[in-house]
Amino acid sequence: MHEIAASSIAAFSTESKSRRSYPYSIDTTCPRCGRAKVTLLTHDPAYDSDRTTMMATAKCPACRQESHIWYVDDTYLFIRPSPPIISRAPIEGYELLPERIRKAYRAALDVHNAKVWTASAVACRRTLEGIVNELHAEGEGTLAKQLRELPNKVDLAAPLITLSQALKEGGNLGAHFDQEKEPDRETAEAMLNLIEYFLEYVYTLPRMIDDLNQKLEALGQEEEDANQES
Ligand SMILES: [Zn+2]
């Protein structure tokens with residue numbers, strides 16, 4: 001059983017007996033074939049009034065196989081079986097990361113792909129500590145606090161400020177970077193996603209943009225030279 005965000009429900013329909021609405025189409029990963037971003041269509045809904053739960057069968061348009069969904073209290077959505085975990089490859093520009101951070105991130109990725117969520121969360125914390133140290137932004141307090149203060153100490157691009165803001169508001173995720181809480185799959189994935197955004201914004205994107213600029217300048221220079229020759 002796997003919980004999916006209720007925001008994945010694209011459309012509702014009405015079950016005829018109970019006259020209650022149920023998720024009719026759901027944008028998610030197919031638990032059977034693992035295809036991401038498919039729209040599962042449900043059929044045969046049934047309402048269990050004692051458990052305030054709507055149940056239905058969902059069909060994948062890609063592999064045509066079926067899975068089961070439960071919609072509890074008009075709020076929580078579950079699917080069975082759980083979608084397969086697909087191994088994550090390192091972010092683009094991985095080789096541009098400073099060595100220490102690259103190693104820490106690689107460790108996070110490896111244990112994540114081995115589905116050891118606790119170890120993955122610990123490795124994510126280490127990577128984040130590495131980034132904060134590397135940016136010379138370390139200070140007092142917990143890692144989550146240091147992160148929140150990052151924009152005051154380092155000139156960050158706007159998207160990264162938004163990210164630290166998100167950490168501040170989504171206190172839960174921020175807390176996971178400090179506490180030895182037992183993380184589940186969703187938390188571990190959210191932490192790794194956050195690490196990857198950080199790595200991309202701080203290290204790989206600026207380098208790629210520089211490279212592109214240099215290429216464009218070189219092209220411009222070639223054109224100028226060609227014009228002068230003709
Ligand atoms: Zn499928």
# chains A, B, ... in the order shown; residues from 1 in each chain; ligands from 1
>>> residues_near_ligand(ligand="ligand 1", cutoff="10 Å", atoms="only C-alpha atoms and all ligand atoms", output="PDB file with C-alpha atoms, in the first residue's frame")
ATOM      1  CA  THR A  29       3.211   6.434 -11.601  1.00  0.00           C
ATOM      2  CA  CYS A  30       1.677   3.126 -12.678  1.00  0.00           C
ATOM      3  CA  PRO A  31       2.324   0.575  -9.905  1.00  0.00           C
ATOM      4  CA  ARG A  32       2.341  -2.222 -12.475  1.00  0.00           C
ATOM      5  CA  CYS A  33       4.606  -1.050 -15.301  1.00  0.00           C
ATOM      6  CA  GLY A  34       6.366   1.771 -13.445  1.00  0.00           C
ATOM      7  CA  ARG A  35       5.643   4.319 -16.158  1.00  0.00           C
ATOM      8  CA  ALA A  36       5.735   7.789 -14.621  1.00  0.00           C
ATOM      9  CA  VAL A  38       0.300   8.263 -16.573  1.00  0.00           C
ATOM     10  CA  THR A  39      -3.379   8.961 -15.977  1.00  0.00           C
ATOM     11  CA  LEU A  40      -5.037   5.969 -14.353  1.00  0.00           C
ATOM     12  CA  LYS A  59      -6.480   0.852 -15.078  1.00  0.00           C
ATOM     13  CA  CYS A  60      -3.227   2.009 -16.671  1.00  0.00           C
ATOM     14  CA  PRO A  61      -3.603   3.241 -20.276  1.00  0.00           C
ATOM     15  CA  ALA A  62      -0.024   2.123 -21.040  1.00  0.00           C
ATOM     16  CA  CYS A  63       0.155  -1.480 -19.793  1.00  0.00           C
ATOM     17  CA  ARG A  64      -3.623  -2.001 -19.361  1.00  0.00           C
ATOM     18  CA  GLN A  65      -3.061  -3.673 -16.014  1.00  0.00           C
ATOM     19  CA  GLU A  66      -5.138  -2.897 -12.958  1.00  0.00           C
ATOM     20  CA  SER A  67      -4.377  -1.735  -9.441  1.00  0.00           C
ATOM     21  CA  PRO A  83       4.938   1.599  -7.495  1.00  0.00           C
TER      22      PRO A  83
END
>>> closest_atom_pairs(of="region 67-104 of chain A", to="region 115-120 of chain A", cutoff="12 Å", atoms="only C-alpha atoms", output="Markdown table")
| residue | atom | partner | partner_atom | distance |
| --- | --- | --- | --- | --- |
| A:Pro84 | CA | A:Lys115 | CA | 11.1 |
| A:Ile85 | CA | A:Lys115 | CA | 8.2 |
| A:Ile86 | CA | A:Lys115 | CA | 10.1 |
| A:Ser87 | CA | A:Lys115 | CA | 9.3 |
| A:Arg88 | CA | A:Lys115 | CA | 11.0 |
| A:Ala104 | CA | A:Ser120 | CA | 10.4 |
>>> select_by_dssp(residues="region 2-160 of chain A", states="strand (DSSP E)", output="PyMOL selection string")
chain A and resi 2-4+9-14+21-28+38-48+53-59+66-72+76-80
>>> select_by_dssp(residues="chain A", states="alpha helix (DSSP H)", output="number ranges by chain")
A: 99-113, 117-134, 143-153, 158-169, 171-176, 185-199, 205-229
>>> residues_around(residues="Pro206 (chain A)", least_positions_apart="6", cutoff="12 Å", atoms="only C-alpha atoms", output="ChimeraX atom specification")
/A:93,96-97,156-157,198-200,212-213
>>> write_last_selection(atoms="C-alpha atoms", output="mmCIF file, in the first residue's frame")
data_model
loop_
_atom_site.group_PDB
_atom_site.id
_atom_site.type_symbol
_atom_site.label_atom_id
_atom_site.label_comp_id
_atom_site.auth_asym_id
_atom_site.auth_seq_id
_atom_site.Cartn_x
_atom_site.Cartn_y
_atom_site.Cartn_z
ATOM 1 C CA GLY A 93 26.782 17.967 -14.386
ATOM 2 C CA LEU A 96 31.304 19.512 -11.857
ATOM 3 C CA LEU A 97 30.587 19.151 -8.135
ATOM 4 C CA LEU A 156 21.892 33.078 -3.619
ATOM 5 C CA ALA A 157 19.879 33.068 -6.791
ATOM 6 C CA PHE A 198 20.632 22.668 -4.176
ATOM 7 C CA LEU A 199 23.450 20.974 -6.078
ATOM 8 C CA GLU A 200 22.041 22.095 -9.417
ATOM 9 C CA LEU A 212 27.150 28.083 -22.892
ATOM 10 C CA ASN A 213 28.156 31.748 -22.706
#
>>> closest_residue(among="A:Thr127, A:Ser82, A:Ser25, A:Thr75", to="Arg100 (chain A)", atoms="only C-alpha atoms")
A:Thr127
>>> atom_distance(atom1="CA of Asp50 (chain A)", atom2="CA of Ala10 (chain A)")
26.1 Å
>>> closest_residue(among="A:Ile9, A:His2, A:Arg19, A:Glu95", to="Thr204 (chain A)", atoms="only C-alpha atoms")
A:Glu95
>>> closest_residue(among="A:Cys124, A:Ile209, A:Val72, A:Ile195", to="Ala107 (chain A)", atoms="only C-alpha atoms")
A:Cys124
